[in-house]
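Undergrad: The file below is run11.cif, mmCIF, C-alpha atoms:
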```cif
data_entry
#
loop_
_atom_site.label_atom_id
_atom_site.label_comp_id
_atom_site.auth_asym_id
_atom_site.auth_seq_id
_atom_site.Cartn_x
_atom_site.Cartn_y
_atom_site.Cartn_z
CA MET D 1 90.61 69.72 88.54
CA GLU D 2 91.58 70.01 84.87
CA ALA D 3 90.40 66.47 84.04
CA ASN D 4 87.07 67.06 85.77
CA THR D 5 86.62 70.32 83.87
CA ARG D 6 87.22 68.61 80.51
CA SER D 7 84.83 65.71 81.25
CA THR D 8 81.92 67.83 82.45
CA GLY D 9 82.48 70.88 80.26
CA ARG D 10 81.91 73.07 83.31
CA LEU D 11 84.11 75.41 85.30
CA PRO D 12 84.88 74.48 88.91
CA ALA D 13 82.43 75.92 91.44
CA ALA D 14 85.12 78.22 92.85
CA PHE D 15 85.37 79.95 89.48
CA LEU D 16 81.64 80.67 89.49
CA THR D 17 81.44 81.94 93.05
CA PRO D 18 84.46 84.16 93.63
CA GLY D 19 84.97 85.03 97.27
CA SER D 20 86.36 88.48 96.57
CA SER D 21 85.40 91.47 94.46
CA SER D 22 89.08 91.75 93.51
CA PHE D 23 90.11 89.96 90.33
CA MET D 24 93.74 90.08 91.47
CA ASP D 25 92.86 88.22 94.68
CA PHE D 26 90.92 85.66 92.65
CA LEU D 27 93.88 85.18 90.30
CA ALA D 28 96.28 84.93 93.23
CA ASP D 29 94.20 82.08 94.68
CA HIS D 30 93.78 80.06 91.48
CA SER D 31 96.65 80.98 89.11
CA PRO D 32 99.22 83.02 91.05
CA GLU D 33 101.87 82.39 88.39
CA MET D 34 99.88 84.61 85.99
CA LEU D 35 100.41 87.73 88.09
CA PRO D 36 103.34 89.77 86.72
CA GLY D 37 104.97 90.15 90.13
CA ASN D 38 105.18 86.37 90.64
CA ARG D 39 107.22 85.58 87.56
CA LYS D 40 110.86 84.50 87.77
CA LEU D 41 113.31 86.78 86.06
CA PRO D 42 117.00 86.43 85.24
CA GLU D 43 119.32 87.87 87.85
CA GLY D 44 120.58 91.40 87.33
CA ILE D 45 119.11 94.36 85.50
CA VAL D 46 116.86 93.46 82.57
CA GLU D 47 116.94 95.71 79.48
CA ALA D 48 113.56 96.22 77.81
CA PRO D 49 111.73 98.92 75.80
CA HIS D 50 110.57 101.85 77.93
CA GLY D 51 107.78 104.29 77.24
CA THR D 52 107.64 107.98 78.04
CA THR D 53 106.14 110.67 78.48
CA ILE D 54 102.62 111.04 80.00
CA VAL D 55 100.93 114.35 80.89
CA ALA D 56 97.56 115.35 82.31
CA ALA D 57 95.67 118.55 83.03
CA THR D 58 92.28 119.34 84.53
CA PHE D 59 89.79 121.90 83.30
CA PRO D 60 86.32 122.88 84.53
CA GLY D 61 84.24 119.91 83.45
CA GLY D 62 86.89 117.24 83.06
CA VAL D 63 90.49 116.12 82.66
CA VAL D 64 92.85 115.52 79.73
CA LEU D 65 95.38 112.66 79.65
CA ALA D 66 97.92 112.41 76.81
CA GLY D 67 101.13 110.66 75.86
CA ASP D 68 103.80 110.71 73.20
CA ARG D 69 104.37 107.68 70.95
CA ARG D 70 108.05 106.76 71.41
CA ALA D 71 109.51 103.74 73.19
CA THR D 72 113.25 103.48 73.73
CA MET D 73 115.72 100.77 74.72
CA GLY D 74 118.91 102.33 75.93
CA ASN D 75 119.92 104.94 73.39
CA MET D 76 117.91 103.29 70.59
CA ILE D 77 114.34 104.00 69.45
CA ALA D 78 112.52 100.68 69.97
CA GLN D 79 109.16 101.81 68.58
CA ARG D 80 107.88 105.06 67.11
CA ASP D 81 104.12 104.56 67.41
CA ILE D 82 103.51 102.82 70.73
CA GLU D 83 100.22 103.55 72.51
CA LYS D 84 100.60 104.62 76.13
CA VAL D 85 97.15 105.94 77.09
CA PHE D 86 94.24 103.53 77.63
CA PRO D 87 90.72 103.70 79.04
CA ALA D 88 90.52 101.99 82.43
CA ASP D 89 86.74 102.04 82.31
CA GLU D 90 84.02 104.40 81.09
CA TYR D 91 85.08 107.29 83.35
CA SER D 92 88.82 106.87 83.86
CA ALA D 93 92.05 106.33 81.96
CA VAL D 94 95.63 105.35 82.65
CA GLY D 95 98.81 106.48 80.94
CA ILE D 96 101.88 104.27 81.20
CA ALA D 97 105.52 105.18 81.64
CA GLY D 98 108.23 102.64 82.27
CA THR D 99 108.73 99.11 80.92
CA ALA D 100 106.39 99.06 77.94
CA GLY D 101 105.37 95.41 77.70
CA LEU D 102 104.86 94.99 81.44
CA ALA D 103 102.95 98.29 81.63
CA VAL D 104 100.49 97.25 78.90
CA GLU D 105 99.93 93.94 80.69
CA MET D 106 99.30 95.80 83.96
CA VAL D 107 96.75 98.06 82.26
CA LYS D 108 94.85 95.05 80.90
CA LEU D 109 94.85 93.49 84.36
CA PHE D 110 93.63 96.78 85.83
CA GLN D 111 90.79 96.92 83.29
CA LEU D 112 89.78 93.38 84.28
CA GLU D 113 90.01 94.32 87.96
CA LEU D 114 87.51 97.17 87.54
CA GLU D 115 85.17 95.13 85.34
CA HIS D 116 85.30 92.19 87.77
CA PHE D 117 84.41 94.44 90.72
CA GLU D 118 81.45 95.92 88.83
CA LYS D 119 80.08 92.49 87.88
CA VAL D 120 80.48 91.03 91.38
CA GLU D 121 79.29 94.06 93.36
CA GLY D 122 76.77 95.42 90.86
CA ALA D 123 78.27 98.89 91.25
CA THR D 124 81.35 100.77 90.09
CA LEU D 125 84.25 101.71 92.32
CA SER D 126 84.66 105.36 93.27
CA LEU D 127 87.51 107.15 91.51
CA GLU D 128 89.59 106.99 94.69
CA GLY D 129 88.81 103.29 94.96
CA LYS D 130 90.10 102.77 91.43
CA ALA D 131 93.24 104.77 92.25
CA ASN D 132 93.82 102.59 95.33
CA ARG D 133 93.44 99.37 93.32
CA LEU D 134 96.05 100.59 90.85
CA SER D 135 98.36 101.45 93.75
CA THR D 136 98.12 97.86 95.00
CA MET D 137 98.98 96.50 91.56
CA ILE D 138 102.07 98.71 91.27
CA ARG D 139 103.21 97.68 94.75
CA SER D 140 102.96 94.00 93.79
CA ASN D 141 105.43 94.72 90.98
CA LEU D 142 108.12 96.08 93.31
CA GLY D 143 110.39 93.05 92.86
CA MET D 144 110.47 93.56 89.10
CA ALA D 145 110.96 97.30 89.56
CA MET D 146 114.12 96.60 91.55
CA GLN D 147 115.44 94.70 88.51
CA GLY D 148 114.81 97.64 86.21
CA LEU D 149 111.28 96.72 85.07
CA ALA D 150 109.45 99.60 86.72
CA VAL D 151 105.97 100.81 85.77
CA VAL D 152 104.99 104.33 86.85
CA PRO D 153 101.56 105.27 85.48
CA LEU D 154 99.44 108.39 85.62
CA PHE D 155 95.75 107.82 86.43
CA ALA D 156 92.99 110.32 85.66
CA GLY D 157 89.22 110.28 85.62
CA TRP D 158 85.92 111.96 86.27
CA ASP D 159 84.82 111.89 89.93
CA GLU D 160 81.04 111.56 89.85
CA GLY D 161 80.72 112.38 93.55
CA LYS D 162 82.82 115.57 93.44
CA GLU D 163 81.79 116.36 89.85
CA LYS D 164 85.27 117.18 88.63
CA GLY D 165 88.28 115.67 86.90
CA ARG D 166 91.10 114.37 89.11
CA ILE D 167 94.67 113.17 88.56
CA PHE D 168 96.71 110.63 90.55
CA SER D 169 100.44 109.96 90.24
CA TYR D 170 102.46 107.02 91.62
CA ASP D 171 105.97 105.99 92.55
CA VAL D 172 107.51 102.54 92.00
CA THR D 173 106.44 101.37 95.48
CA GLY D 174 102.77 102.09 94.75
CA GLY D 175 102.75 105.33 96.72
CA ARG D 176 99.84 107.44 95.48
CA SER D 177 99.55 111.23 95.32
CA GLU D 178 96.73 113.37 94.01
CA GLU D 179 97.95 116.07 91.64
CA HIS D 180 96.12 119.38 91.35
CA GLY D 181 95.83 121.13 88.01
CA TYR D 182 98.42 119.21 86.02
CA ALA D 183 100.92 116.36 86.26
CA ALA D 184 103.54 114.47 84.26
CA THR D 185 105.48 111.24 84.53
CA GLY D 186 108.25 109.58 82.55
CA SER D 187 111.72 110.67 81.48
CA GLY D 188 110.46 113.90 79.90
CA SER D 189 108.22 114.79 82.83
CA ILE D 190 110.51 117.47 84.27
CA PHE D 191 110.35 119.43 81.01
CA ALA D 192 106.63 118.80 80.47
CA ARG D 193 105.83 119.88 84.02
CA GLY D 194 107.88 123.07 83.59
CA SER D 195 105.97 123.86 80.41
CA MET D 196 102.56 123.34 82.02
CA LYS D 197 103.57 125.24 85.14
CA LYS D 198 103.88 128.44 83.09
CA LEU D 199 100.85 127.92 80.85
CA TYR D 200 98.23 126.27 83.08
CA ARG D 201 95.18 128.21 84.31
CA ASP D 202 92.15 127.12 86.34
CA ASP D 203 89.71 128.38 83.70
CA LEU D 204 90.99 126.50 80.64
CA THR D 205 88.45 125.30 78.12
CA GLU D 206 88.59 121.70 76.88
CA GLN D 207 90.23 122.88 73.66
CA GLN D 208 92.82 124.90 75.57
CA ALA D 209 93.56 121.96 77.88
CA THR D 210 94.20 119.63 74.95
CA THR D 211 96.45 122.25 73.38
CA LEU D 212 98.29 122.64 76.69
CA VAL D 213 99.19 118.94 76.95
CA VAL D 214 100.40 118.82 73.34
CA GLN D 215 102.55 121.91 73.98
CA ALA D 216 103.97 120.18 77.07
CA LEU D 217 104.77 117.00 75.11
CA TYR D 218 106.45 119.11 72.43
CA ASP D 219 108.62 120.79 75.09
CA ALA D 220 109.46 117.41 76.61
CA ALA D 221 110.54 116.07 73.20
CA ASP D 222 112.60 119.22 72.66
CA ASP D 223 114.85 118.40 75.63
CA ASP D 224 114.41 114.66 76.26
CA SER D 225 115.62 112.27 73.55
CA ALA D 226 113.38 109.47 74.86
CA THR D 227 110.23 111.50 74.18
CA GLY D 228 108.93 111.64 70.63
CA GLY D 229 107.49 114.82 69.16
CA PRO D 230 104.83 114.97 66.44
CA ASP D 231 106.11 113.04 63.41
CA LEU D 232 104.55 114.84 60.44
CA ALA D 233 106.32 112.69 57.84
CA ARG D 234 105.03 109.38 59.29
CA ARG D 235 101.74 110.90 60.53
CA ILE D 236 102.41 109.83 64.11
CA PHE D 237 100.83 112.18 66.63
CA PRO D 238 100.32 112.18 70.42
CA ILE D 239 97.42 110.24 71.85
CA VAL D 240 95.09 112.72 73.56
CA THR D 241 92.08 111.63 75.64
CA VAL D 242 89.38 113.63 77.40
CA ILE D 243 87.28 112.40 80.33
CA THR D 244 84.14 114.31 81.36
CA GLU D 245 80.78 113.50 82.92
CA GLU D 246 79.89 112.03 79.52
CA GLY D 247 82.74 109.51 79.82
CA PHE D 248 86.04 108.70 78.14
CA ARG D 249 86.77 110.01 74.66
CA ARG D 250 89.93 109.68 72.59
CA LEU D 251 90.60 112.39 70.04
CA THR D 252 90.33 111.06 66.52
CA GLU D 253 93.41 110.84 64.32
CA ALA D 254 92.17 113.88 62.40
CA GLU D 255 91.70 115.88 65.61
CA SER D 256 95.13 114.90 66.96
CA SER D 257 96.72 115.66 63.61
CA ASP D 258 95.15 119.12 63.38
CA LEU D 259 96.15 119.94 66.96
CA ALA D 260 99.74 118.73 66.55
CA ARG D 261 100.14 120.51 63.21
CA SER D 262 98.85 123.80 64.63
CA VAL D 263 101.32 123.60 67.54
CA THR D 264 104.17 122.69 65.17
CA GLU D 265 103.36 125.55 62.80
CA ARG D 266 103.41 128.06 65.67
CA ARG D 267 106.78 126.66 66.75
CA LEU D 268 108.21 127.67 63.39
CA GLU D 269 107.65 131.26 64.55
CA GLN D 270 108.40 130.67 68.24
CA PRO D 271 110.68 127.61 68.60
CA ASP D 272 110.57 127.79 72.40
CA GLY D 273 106.78 127.95 72.52
CA PRO D 274 104.25 130.44 73.88
CA ARG D 275 105.42 133.03 76.39
CA ALA D 276 103.86 133.39 79.82
CA ALA D 277 103.31 136.86 81.31
CA LEU D 278 105.94 138.03 83.79
CA LEU D 279 103.32 139.40 86.18
#
```
Let's see the structure in the file written out as structure tokens.

TA:
Amino acid sequence: MEANTRSTGRLPAAFLTPGSSSFMDFLADHSPEMLPGNRKLPEGIVEAPHGTTIVAATFPGGVVLAGDRRATMGNMIAQRDIEKVFPADEYSAVGIAGTAGLAVEMVKLFQLELEHFEKVEGATLSLEGKANRLSTMIRSNLGMAMQGLAVVPLFAGWDEGKEKGRIFSYDVTGGRSEEHGYAATGSGSIFARGSMKKLYRDDLTEQQATTLVVQALYDAADDDSATGGPDLARRIFPIVTVITEEGFRRLTEAESSDLARSVTERRLEQPDGPRAALL
């Protein structure tokens, strides 16, 4: 096949007429060794950089997805400015927690999966369809997860049919759950979720929702050493994205900086953060 391709300068017919709208199925048929779950790994637990923490919150008109910038390997900081939140397509995004390198590769494969479907079918998947495709990809990585290379993302997007923002969380087996209001994943998720639980409201504005997720990441970093807080000295701030009916938008560096600095300045007065009403 390779010799024929070189001599004619053309791709094989099978490459031009895929039999499935799934890029993963196509790859499994023609180059299965390229799928992450099919690679051979050394026996035992593999140590690699891990990324945490990812948070999300809905508001009337959309959803916010954000992540801190730290990656750790054991008790060491492996990277201070890793990116963990990516657009999946125009109306959805995915935040990664778990094995950093493998998670980034999975996101790129997921982006290709959605683009491939759109080109083959001439239409975009529904938000639930996208969430299901991601679930399948995570499930195919179960063998690696059992060796310590787990990927546990958070998926969020704008549902054009229901006209609202939605959030989906996953476990290492690919089990999918829809979260209502807010969600968190990663090592600092328990602290981030506790923070959002006390501050979240159904009537948040977009500005309030972005402030909420930064407050939650700050609280996660306050109690979880694997989560990085705003680094004012190095100008490293959380990645914050907003998805509405107008599509995916990532806050600019200036916007993220202003938001993180305002939260940090308030923490100088209230180190434990804003207080929720008792009743």

Undergrad: I'd like the neighbourhood of Lys108 (chain D) as a list in words, where a residue qualifies if any of its atoms comes within 12 Å (using only C-alpha atoms), though same-chain residues fewer than 5 positions away should be ignored.

TA: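 My reading of the contact set: Phe23, Met24, Leu35, Pro36, Val85, Phe86, Pro87, Ala88, Asp89, Ala93, Val94, Ile96, Gly101, Leu102, Ala103, Glu113, Leu114, Glu115, Leu134 and Met137 of chain D.
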
Undergrad: Tell me which residues the PyMOL selection byres ((chain D and resi 163) around 10) grabs here, as a list in words.

TA: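 So the PyMOL selection byres ((chain D and resi 163) around 10) ends up selecting Pro60, Gly61, Gly62, Trp158, Asp159, Glu160, Gly161, Lys162, Lys164, Gly165, Arg166, Thr244 and Glu245 of chain D.
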
Undergrad: Considering only C-alpha atoms, return as a PyMOL selection string whatever protein or nucleic-acid residues lie within 6 Å of Gly67 (chain D), sequence-local ones (same chain, fewer than 6 positions apart) excluded.

TA: chain D and resi 53-54+238-239

Undergrad: Could you tell me how far CA of Asp219 (chain D) sits from CA of Ala192 (chain D), in Å to one decimal place?

TA: 6.1 Å

Undergrad: Can you pull out every residue within 12 Å of Asp222 (chain D), counting all atoms listed in the file, but drop anything in the same chain fewer than 2 positions away, and send it as a list in words?

TA: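 Within the cut-off, the hits are Gly188, Ser189, Ile190, Phe191, Ala192, Ser195, Gln215, Ala216, Leu217, Tyr218, Asp219, Ala220, Asp224, Ser225, Ala226, Thr227, Gly228, Gly229, Pro230, Thr264, Arg267, Pro271, Asp272 and Gly273 of chain D.
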
Undergrad: Just checking: using all atoms listed in the file, which residue out of D:Ala78, D:Leu142, D:Val214, D:Leu204 ends up closest to Val55 (chain D)?

TA: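 Result for the nearest residue to Val55 (chain D): D:Val214.
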
Undergrad: Check the smallest atom-to-atom distance from each of D:Gln111, D:Asp231, D:Thr58, D:Gly51 to Thr205 (chain D) using all atoms listed in the file, then report the winner.

TA: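 Distance minimum relative to Thr205 (chain D) lands on D:Thr58.
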
Undergrad: Closest to Asp68 (chain D) among D:Thr211, D:Thr52, D:Ser126, D:Asn132, using only C-alpha atoms?

TA: D:Thr52

Undergrad: Of the candidates D:Ile236, D:Leu212, D:Ala123, D:Leu199, which one gets nearest to Ala277 (chain D) if we count all atoms listed in the file?

TA: D:Leu199

Undergrad: Which residue gives the smallest distance to Phe110 (chain D) among D:Tyr91, D:Asp258, D:Ser135, D:Ala97, with all atoms listed in the file counted?

TA: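 Checking each candidate against Phe110 (chain D), we get D:Ser135 as the closest.
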
Undergrad: Please determine, counting all atoms listed in the file, which residue among D:Ala184, D:Leu232, D:Met76, D:Ala276 has the shortest atom-to-atom distance to Val263 (chain D).

TA: D:Leu232

Undergrad: Kindly write region 39-149 of chain D with C-alpha atoms to a file, as a compact mmCIF listing (two decimals), in the first residue's frame.

TA:
```
# COMPACT_ATOMS: atom_id res chain seq x y z
CA ARG D 39 0.25 1.31 22.95
CA LYS D 40 2.49 -1.04 24.94
CA LEU D 41 3.62 0.28 28.28
CA PRO D 42 6.18 -0.96 30.79
CA GLU D 43 4.78 -3.19 33.49
CA GLY D 44 3.84 -1.58 36.78
CA ILE D 45 2.75 1.93 37.65
CA VAL D 46 4.12 4.64 35.36
CA GLU D 47 5.04 8.01 36.90
CA ALA D 48 4.23 11.02 34.72
CA PRO D 49 3.23 14.69 35.14
CA HIS D 50 -0.37 15.15 36.25
CA GLY D 51 -2.60 18.15 35.80
CA THR D 52 -5.23 19.51 38.17
CA THR D 53 -7.73 21.23 38.85
CA ILE D 54 -10.69 21.90 36.49
CA VAL D 55 -13.93 23.69 37.45
CA ALA D 56 -17.10 24.67 35.61
CA ALA D 57 -20.25 26.63 36.36
CA THR D 58 -23.37 27.46 34.36
CA PHE D 59 -25.16 30.78 34.21
CA PRO D 60 -28.24 31.95 32.29
CA GLY D 61 -26.91 32.17 28.76
CA GLY D 62 -23.89 29.90 28.95
CA VAL D 63 -21.24 28.00 30.87
CA VAL D 64 -17.76 28.78 32.21
CA LEU D 65 -14.90 26.24 32.18
CA ALA D 66 -11.59 27.05 33.88
CA GLY D 67 -8.41 25.41 35.10
CA ASP D 68 -5.31 26.18 37.10
CA ARG D 69 -1.85 26.03 35.49
CA ARG D 70 0.15 23.57 37.61
CA ALA D 71 1.29 20.07 36.69
CA THR D 72 2.91 17.85 39.31
CA MET D 73 4.93 14.63 39.34
CA GLY D 74 4.83 13.11 42.77
CA ASN D 75 5.64 15.84 45.25
CA MET D 76 7.45 17.96 42.62
CA ILE D 77 6.08 20.76 40.44
CA ALA D 78 6.63 19.51 36.87
CA GLN D 79 5.31 22.62 35.11
CA ARG D 80 3.91 25.93 36.32
CA ASP D 81 2.12 27.15 33.20
CA ILE D 82 0.51 24.10 31.60
CA GLU D 83 -2.72 24.65 29.65
CA LYS D 84 -5.58 22.38 30.67
CA VAL D 85 -8.64 23.89 28.99
CA PHE D 86 -9.14 23.58 25.22
CA PRO D 87 -11.92 24.22 22.72
CA ALA D 88 -13.40 20.95 21.46
CA ASP D 89 -15.21 22.77 18.67
CA GLU D 90 -17.00 26.10 18.22
CA TYR D 91 -19.58 25.43 20.95
CA SER D 92 -17.86 23.16 23.46
CA ALA D 93 -14.68 22.82 25.48
CA VAL D 94 -12.86 20.20 27.50
CA GLY D 95 -10.74 20.60 30.61
CA ILE D 96 -8.20 17.90 31.42
CA ALA D 97 -7.19 16.40 34.74
CA GLY D 98 -4.91 13.42 35.07
CA THR D 99 -1.83 12.39 33.07
CA ALA D 100 -0.93 15.61 31.28
CA GLY D 101 0.71 14.38 28.08
CA LEU D 102 -1.86 11.66 27.44
CA ALA D 103 -4.72 14.06 28.22
CA VAL D 104 -3.51 16.64 25.69
CA GLU D 105 -3.21 13.89 23.07
CA MET D 106 -6.75 12.73 23.86
CA VAL D 107 -8.08 16.27 23.47
CA LYS D 108 -6.45 16.59 20.03
CA LEU D 109 -7.96 13.26 19.01
CA PHE D 110 -11.35 14.41 20.31
CA GLN D 111 -11.10 17.62 18.28
CA LEU D 112 -10.35 15.55 15.16
CA GLU D 113 -13.25 13.23 15.99
CA LEU D 114 -15.74 16.11 16.03
CA GLU D 115 -14.29 17.74 12.91
CA HIS D 116 -14.29 14.40 11.06
CA PHE D 117 -17.95 13.79 11.92
CA GLU D 118 -18.93 17.26 10.69
CA LYS D 119 -17.10 16.83 7.38
CA VAL D 120 -18.49 13.34 6.72
CA GLU D 121 -22.07 13.96 7.87
CA GLY D 122 -22.35 17.63 6.89
CA ALA D 123 -23.76 18.44 10.33
CA THR D 124 -22.47 18.85 13.87
CA LEU D 125 -23.07 16.39 16.67
CA SER D 126 -25.49 17.36 19.41
CA LEU D 127 -23.86 18.29 22.72
CA GLU D 128 -24.91 14.93 24.18
CA GLY D 129 -23.47 13.20 21.13
CA LYS D 130 -20.15 14.94 21.73
CA ALA D 131 -20.25 13.95 25.40
CA ASN D 132 -20.87 10.32 24.40
CA ARG D 133 -17.94 10.32 21.95
CA LEU D 134 -15.64 11.57 24.69
CA SER D 135 -16.94 8.85 27.00
CA THR D 136 -15.96 6.21 24.43
CA MET D 137 -12.46 7.65 24.14
CA ILE D 138 -11.94 7.60 27.91
CA ARG D 139 -13.18 4.01 28.10
CA SER D 140 -10.65 2.95 25.45
CA ASN D 141 -7.91 4.27 27.75
CA LEU D 142 -8.92 2.04 30.68
CA GLY D 143 -5.84 -0.20 30.33
CA MET D 144 -3.53 2.78 30.72
CA ALA D 145 -5.63 4.13 33.58
CA MET D 146 -5.04 0.89 35.48
CA GLN D 147 -1.29 1.55 35.17
CA GLY D 148 -1.63 5.02 36.65
CA LEU D 149 -2.10 6.98 33.40
```
